[in-house]
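The structure file target06.pdb is reproduced below (PDB, C-alpha atoms).
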```pdb
ATOM      1  CA  MET A 492     -57.145  -8.045 -50.269
ATOM      2  CA  SER A 493     -58.306 -10.498 -47.590
ATOM      3  CA  LEU A 494     -56.067 -11.370 -44.659
ATOM      4  CA  ALA A 495     -55.651 -14.954 -45.934
ATOM      5  CA  SER A 496     -54.633 -13.708 -49.397
ATOM      6  CA  ALA A 497     -52.146 -11.229 -47.917
ATOM      7  CA  ILE A 498     -50.542 -14.012 -45.868
ATOM      8  CA  VAL A 499     -50.326 -16.344 -48.892
ATOM      9  CA  THR A 500     -48.574 -13.602 -50.861
ATOM     10  CA  ARG A 501     -46.141 -12.902 -48.010
ATOM     11  CA  LEU A 502     -45.271 -16.570 -47.445
ATOM     12  CA  GLN A 503     -44.818 -17.359 -51.147
ATOM     13  CA  GLY A 504     -41.592 -15.377 -51.106
ATOM     14  CA  ASN A 505     -40.156 -17.402 -48.205
ATOM     15  CA  ALA A 506     -37.613 -20.079 -49.177
ATOM     16  CA  ALA A 507     -38.501 -22.180 -46.101
ATOM     17  CA  PHE A 508     -41.705 -23.357 -47.808
ATOM     18  CA  ARG A 509     -41.858 -25.289 -51.047
ATOM     19  CA  TYR A 510     -45.606 -24.765 -51.478
ATOM     20  CA  VAL A 511     -47.961 -22.055 -50.178
ATOM     21  CA  ALA A 512     -51.647 -22.018 -51.040
ATOM     22  CA  GLY A 513     -55.145 -21.198 -49.846
ATOM     23  CA  ALA A 514     -58.415 -22.921 -48.978
ATOM     24  CA  ARG A 515     -59.160 -24.439 -52.422
ATOM     25  CA  GLU A 516     -55.803 -26.121 -52.628
ATOM     26  CA  PHE A 517     -56.115 -27.344 -49.035
ATOM     27  CA  GLY A 518     -59.316 -29.168 -49.951
ATOM     28  CA  GLN A 519     -57.475 -30.943 -52.755
ATOM     29  CA  SER A 520     -54.584 -31.792 -50.428
ATOM     30  CA  LEU A 521     -56.968 -33.818 -48.270
ATOM     31  CA  VAL A 522     -57.379 -36.163 -51.245
ATOM     32  CA  THR A 523     -53.856 -35.930 -52.665
ATOM     33  CA  PRO A 524     -51.264 -34.490 -50.258
ATOM     34  CA  PRO A 525     -48.472 -32.518 -51.966
ATOM     35  CA  ILE A 526     -45.783 -34.933 -50.719
ATOM     36  CA  ASP A 527     -43.198 -33.732 -53.252
ATOM     37  CA  LYS A 528     -43.762 -30.077 -52.251
ATOM     38  CA  MET A 529     -43.348 -30.178 -48.468
ATOM     39  CA  PRO A 530     -42.968 -28.321 -46.218
ATOM     40  CA  ALA A 531     -46.239 -26.860 -47.421
ATOM     41  CA  VAL A 532     -48.429 -24.189 -45.839
ATOM     42  CA  PHE A 533     -52.141 -23.711 -46.434
ATOM     43  CA  VAL A 534     -53.761 -20.467 -45.259
ATOM     44  CA  LEU A 535     -57.443 -20.663 -44.340
ATOM     45  CA  PRO A 536     -59.882 -18.071 -43.005
ATOM     46  CA  TYR A 537     -60.698 -19.300 -39.493
ATOM     47  CA  SER A 538     -63.012 -17.036 -37.504
ATOM     48  CA  GLU A 539     -64.172 -13.487 -36.932
ATOM     49  CA  SER A 540     -66.203 -12.150 -34.026
ATOM     50  CA  TYR A 541     -67.506  -8.669 -33.459
ATOM     51  CA  GLY A 542     -69.284  -7.340 -30.409
ATOM     52  CA  GLY A 543     -71.828  -4.651 -30.868
ATOM     53  CA  ASN A 544     -74.436  -2.322 -29.546
ATOM     54  CA  ASP A 545     -76.433   0.623 -30.830
ATOM     55  CA  LEU A 546     -75.461   3.071 -33.527
ATOM     56  CA  LEU A 547     -71.685   2.967 -33.109
ATOM     57  CA  ASN A 548     -71.546  -0.667 -34.120
ATOM     58  CA  ARG A 549     -73.779  -0.219 -37.122
ATOM     59  CA  VAL A 550     -71.047   2.011 -38.480
ATOM     60  CA  ARG A 551     -67.870   0.485 -37.049
ATOM     61  CA  GLN A 552     -67.210  -2.841 -35.323
ATOM     62  CA  THR A 553     -63.888  -4.052 -33.982
ATOM     63  CA  GLY A 554     -63.044  -7.612 -33.094
ATOM     64  CA  PRO A 555     -60.537 -10.410 -33.569
ATOM     65  CA  GLN A 556     -60.034 -11.898 -37.030
ATOM     66  CA  GLN A 557     -58.259 -15.249 -37.176
ATOM     67  CA  VAL A 558     -56.581 -17.345 -39.858
ATOM     68  CA  ALA A 559     -55.467 -20.956 -39.579
ATOM     69  CA  LEU A 560     -52.215 -22.043 -41.157
ATOM     70  CA  ILE A 561     -51.893 -25.761 -41.815
ATOM     71  CA  LEU A 562     -48.232 -26.717 -42.000
ATOM     72  CA  MET A 563     -47.533 -30.096 -43.632
ATOM     73  CA  VAL A 564     -44.194 -31.853 -43.303
ATOM     74  CA  ALA A 565     -43.402 -35.081 -45.172
ATOM     75  CA  VAL A 566     -42.581 -38.195 -43.162
ATOM     76  CA  ARG A 567     -39.130 -39.232 -44.281
ATOM     77  CA  THR A 568     -36.063 -40.785 -42.740
ATOM     78  CA  ALA A 569     -35.065 -38.246 -40.117
ATOM     79  CA  ILE A 570     -31.596 -36.714 -40.319
ATOM     80  CA  GLY A 571     -29.863 -34.373 -37.874
ATOM     81  CA  ALA A 572     -32.114 -31.922 -36.034
ATOM     82  CA  ASN A 573     -35.236 -33.320 -37.742
ATOM     83  CA  VAL A 574     -34.930 -36.488 -35.640
ATOM     84  CA  HIS A 575     -36.444 -34.557 -32.738
ATOM     85  CA  ASP A 576     -38.742 -31.968 -34.275
ATOM     86  CA  PRO A 577     -39.488 -31.808 -38.005
ATOM     87  CA  PHE A 578     -41.579 -28.675 -37.401
ATOM     88  CA  GLU A 579     -38.877 -26.610 -35.697
ATOM     89  CA  SER A 580     -37.385 -24.971 -38.785
ATOM     90  CA  PRO A 581     -40.650 -24.305 -40.711
ATOM     91  CA  VAL A 582     -42.353 -23.000 -37.554
ATOM     92  CA  ALA A 583     -39.458 -20.630 -36.876
ATOM     93  CA  ALA A 584     -39.843 -19.343 -40.458
ATOM     94  CA  LEU A 585     -43.617 -18.882 -39.976
ATOM     95  CA  LYS A 586     -43.115 -16.920 -36.777
ATOM     96  CA  ALA A 587     -40.323 -14.783 -38.221
ATOM     97  CA  CYS A 588     -42.444 -13.937 -41.247
ATOM     98  CA  LEU A 589     -45.820 -13.333 -39.577
ATOM     99  CA  LEU A 590     -45.533 -12.606 -35.855
ATOM    100  CA  GLY A 591     -46.021  -8.859 -35.362
ATOM    101  CA  TRP A 592     -46.603  -8.220 -39.093
ATOM    102  CA  GLN A 593     -49.301  -5.664 -39.836
ATOM    103  CA  PRO A 594     -50.644  -6.190 -43.372
ATOM    104  CA  ASP A 595     -53.115  -3.294 -43.090
ATOM    105  CA  PRO A 596     -52.116  -0.113 -41.236
ATOM    106  CA  GLU A 597     -55.663   0.416 -39.903
ATOM    107  CA  ASP A 598     -55.768  -3.033 -38.247
ATOM    108  CA  GLY A 599     -53.657  -4.695 -35.562
ATOM    109  CA  GLU A 600     -50.563  -6.798 -36.014
ATOM    110  CA  LEU A 601     -50.681 -10.590 -36.237
ATOM    111  CA  LEU A 602     -50.307 -12.499 -32.981
ATOM    112  CA  LEU A 603     -49.947 -16.242 -32.470
ATOM    113  CA  VAL A 604     -52.996 -17.677 -30.673
ATOM    114  CA  SER A 605     -52.480 -21.431 -30.696
ATOM    115  CA  GLY A 606     -50.920 -24.443 -32.327
ATOM    116  CA  GLN A 607     -51.853 -28.097 -32.362
ATOM    117  CA  LEU A 608     -50.890 -31.333 -34.044
ATOM    118  CA  LEU A 609     -53.565 -32.591 -36.404
ATOM    119  CA  GLU A 610     -54.205 -36.252 -37.170
ATOM    120  CA  PRO A 611     -50.901 -37.853 -38.242
ATOM    121  CA  ARG A 612     -50.845 -39.627 -41.623
ATOM    122  CA  PRO A 613     -48.466 -42.300 -42.936
ATOM    123  CA  THR A 614     -47.089 -39.858 -45.526
ATOM    124  CA  HIS A 615     -46.999 -36.587 -43.597
ATOM    125  CA  LEU A 616     -47.587 -34.724 -40.360
ATOM    126  CA  ALA A 617     -49.797 -31.653 -40.152
ATOM    127  CA  TYR A 618     -49.790 -28.931 -37.543
ATOM    128  CA  GLN A 619     -52.324 -26.105 -37.294
ATOM    129  CA  TYR A 620     -51.324 -22.624 -36.162
ATOM    130  CA  VAL A 621     -53.891 -19.903 -35.545
ATOM    131  CA  PHE A 622     -52.881 -16.268 -35.926
ATOM    132  CA  GLN A 623     -55.107 -13.348 -34.968
ATOM    133  CA  ARG A 624     -55.318  -9.599 -35.409
ATOM    134  CA  ASP A 625     -57.716  -6.908 -34.279
ATOM    135  CA  HIS A 626     -59.804  -5.898 -37.258
ATOM    136  CA  THR A 627     -62.352  -3.125 -37.755
ATOM    137  CA  GLU A 628     -65.304  -3.547 -40.109
ATOM    138  CA  ARG A 629     -66.691  -0.260 -41.385
ATOM    139  CA  THR A 630     -69.944   0.370 -43.227
TER     140      THR A 630
END
```
Output the file's structure as structure tokens, nothing else.
Amino acid sequence: MSLASAIVTRLQGNAAFRYVAGAREFGQSLVTPPIDKMPAVFVLPYSESYGGNDLLNRVRQTGPQQVALILMVAVRTAIGANVHDPFESPVAALKACLLGWQPDPEDGELLLVSGQLLEPRPTHLAYQYVFQRDHTERT
């Protein structure tokens, strides 16, 4: 199972998110955002990079593997704590669920690399989080 698929499966059981999906569904959300299903999380493969030299790396290469999580929160009348930060609760749930998790015993645990606000929309806000693990490709 790919890292993105493993994360989708793990997040689908979390009550903090009303909708969890992958890259195909994210493409559709660019046309029709899932306003009635937010907070929503989309898990996308992001990047992989492997250094290498000589025979060792023809057989085994280790490098960082990253996934991007796009968190969408609907723009609604703010109430209570959401007046200040609508991302606080869903982000805390993301971190609690993923930070330090090791989906494959032969690879490293997930670490948070970065987060950034994406272009705000009239109907929703989107924030991108990038998580990374050390991953070994074997041939």
Item to check | Selection near A:Phe508, 12 Å with all atoms listed in the file, sequence-local residues under 3 positions removed, as an MDAnalysis selection string | outcome: chainID A and resid 499 501:505 511:512 527:533 562:564 578 580:585 588
Checklist entry - atom CA of A:Leu589 and atom CA of A:Leu601, how far apart in Å? => result 6.5 Å
Who sits within 10 Å of A:Leu494, all atoms listed in the file, same chain under 5 positions skipped, as a PDB file with C-alpha atoms, in the coordinates of the input:
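Here's the written file part03.pdb:
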```
ATOM      1  CA  VAL A 499     -50.326 -16.344 -48.892  1.00  0.00           C
ATOM      2  CA  THR A 500     -48.574 -13.602 -50.861  1.00  0.00           C
ATOM      3  CA  VAL A 534     -53.761 -20.467 -45.259  1.00  0.00           C
ATOM      4  CA  LEU A 535     -57.443 -20.663 -44.340  1.00  0.00           C
ATOM      5  CA  PRO A 536     -59.882 -18.071 -43.005  1.00  0.00           C
ATOM      6  CA  GLN A 556     -60.034 -11.898 -37.030  1.00  0.00           C
ATOM      7  CA  GLN A 557     -58.259 -15.249 -37.176  1.00  0.00           C
ATOM      8  CA  VAL A 558     -56.581 -17.345 -39.858  1.00  0.00           C
ATOM      9  CA  PRO A 594     -50.644  -6.190 -43.372  1.00  0.00           C
ATOM     10  CA  ASP A 595     -53.115  -3.294 -43.090  1.00  0.00           C
ATOM     11  CA  GLN A 623     -55.107 -13.348 -34.968  1.00  0.00           C
ATOM     12  CA  ARG A 624     -55.318  -9.599 -35.409  1.00  0.00           C
ATOM     13  CA  HIS A 626     -59.804  -5.898 -37.258  1.00  0.00           C
TER      14      HIS A 626
END
```
Next on the checklist: For a test of reading the model, state the distance in Å between atom CA of A:Glu579 and atom CA of A:Ser538, rounded to one decimal.
Outcome noted: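 Taking atom CA of A:Glu579 as the start and atom CA of A:Ser538 as the end point, the length is 26.0 Å.
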Would you compute, for all listed atoms of stretch 587-592 of chain A, the axis-aligned bounding box grown by 8 Å on each side, and then report its centre and edge lengths in Å rounded to one decimal, as AutoDock Vina command-line options?
```
--center_x -43.5 --center_y -11.5 --center_z -38.3 --size_x 22.3 --size_y 22.6 --size_z 21.9
```
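Note that the spacing between atom CA of A:Thr523 and atom CA of A:Leu608 amounts to 19.4 Å.
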Checklist entry - Which of these, A:Gln552, A:Ile526, A:Gly513, A:Tyr541, has the shortest distance to A:Thr630 once you count all atoms listed in the file? => result A:Gln552
Checklist outcome for this item: With distances taken over all atoms listed in the file, the candidate from A:Gly599, A:Gly606, A:Tyr620, A:Pro524 nearest A:Thr553 is A:Gly599
Checklist entry - Which neighbours of A:Val621 fall inside 6 Å, counting only C-alpha atoms, when residues of the same chain fewer than 6 positions from it are skipped, and could you give them as a PyMOL selection string? => result chain A and resi 558-559+604-605
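With all atoms listed in the file as the atoms that count, the residue of A:Ala565, A:Glu516, A:Glu597, A:Leu560 with the shortest distance to A:Thr627 is A:Glu597.
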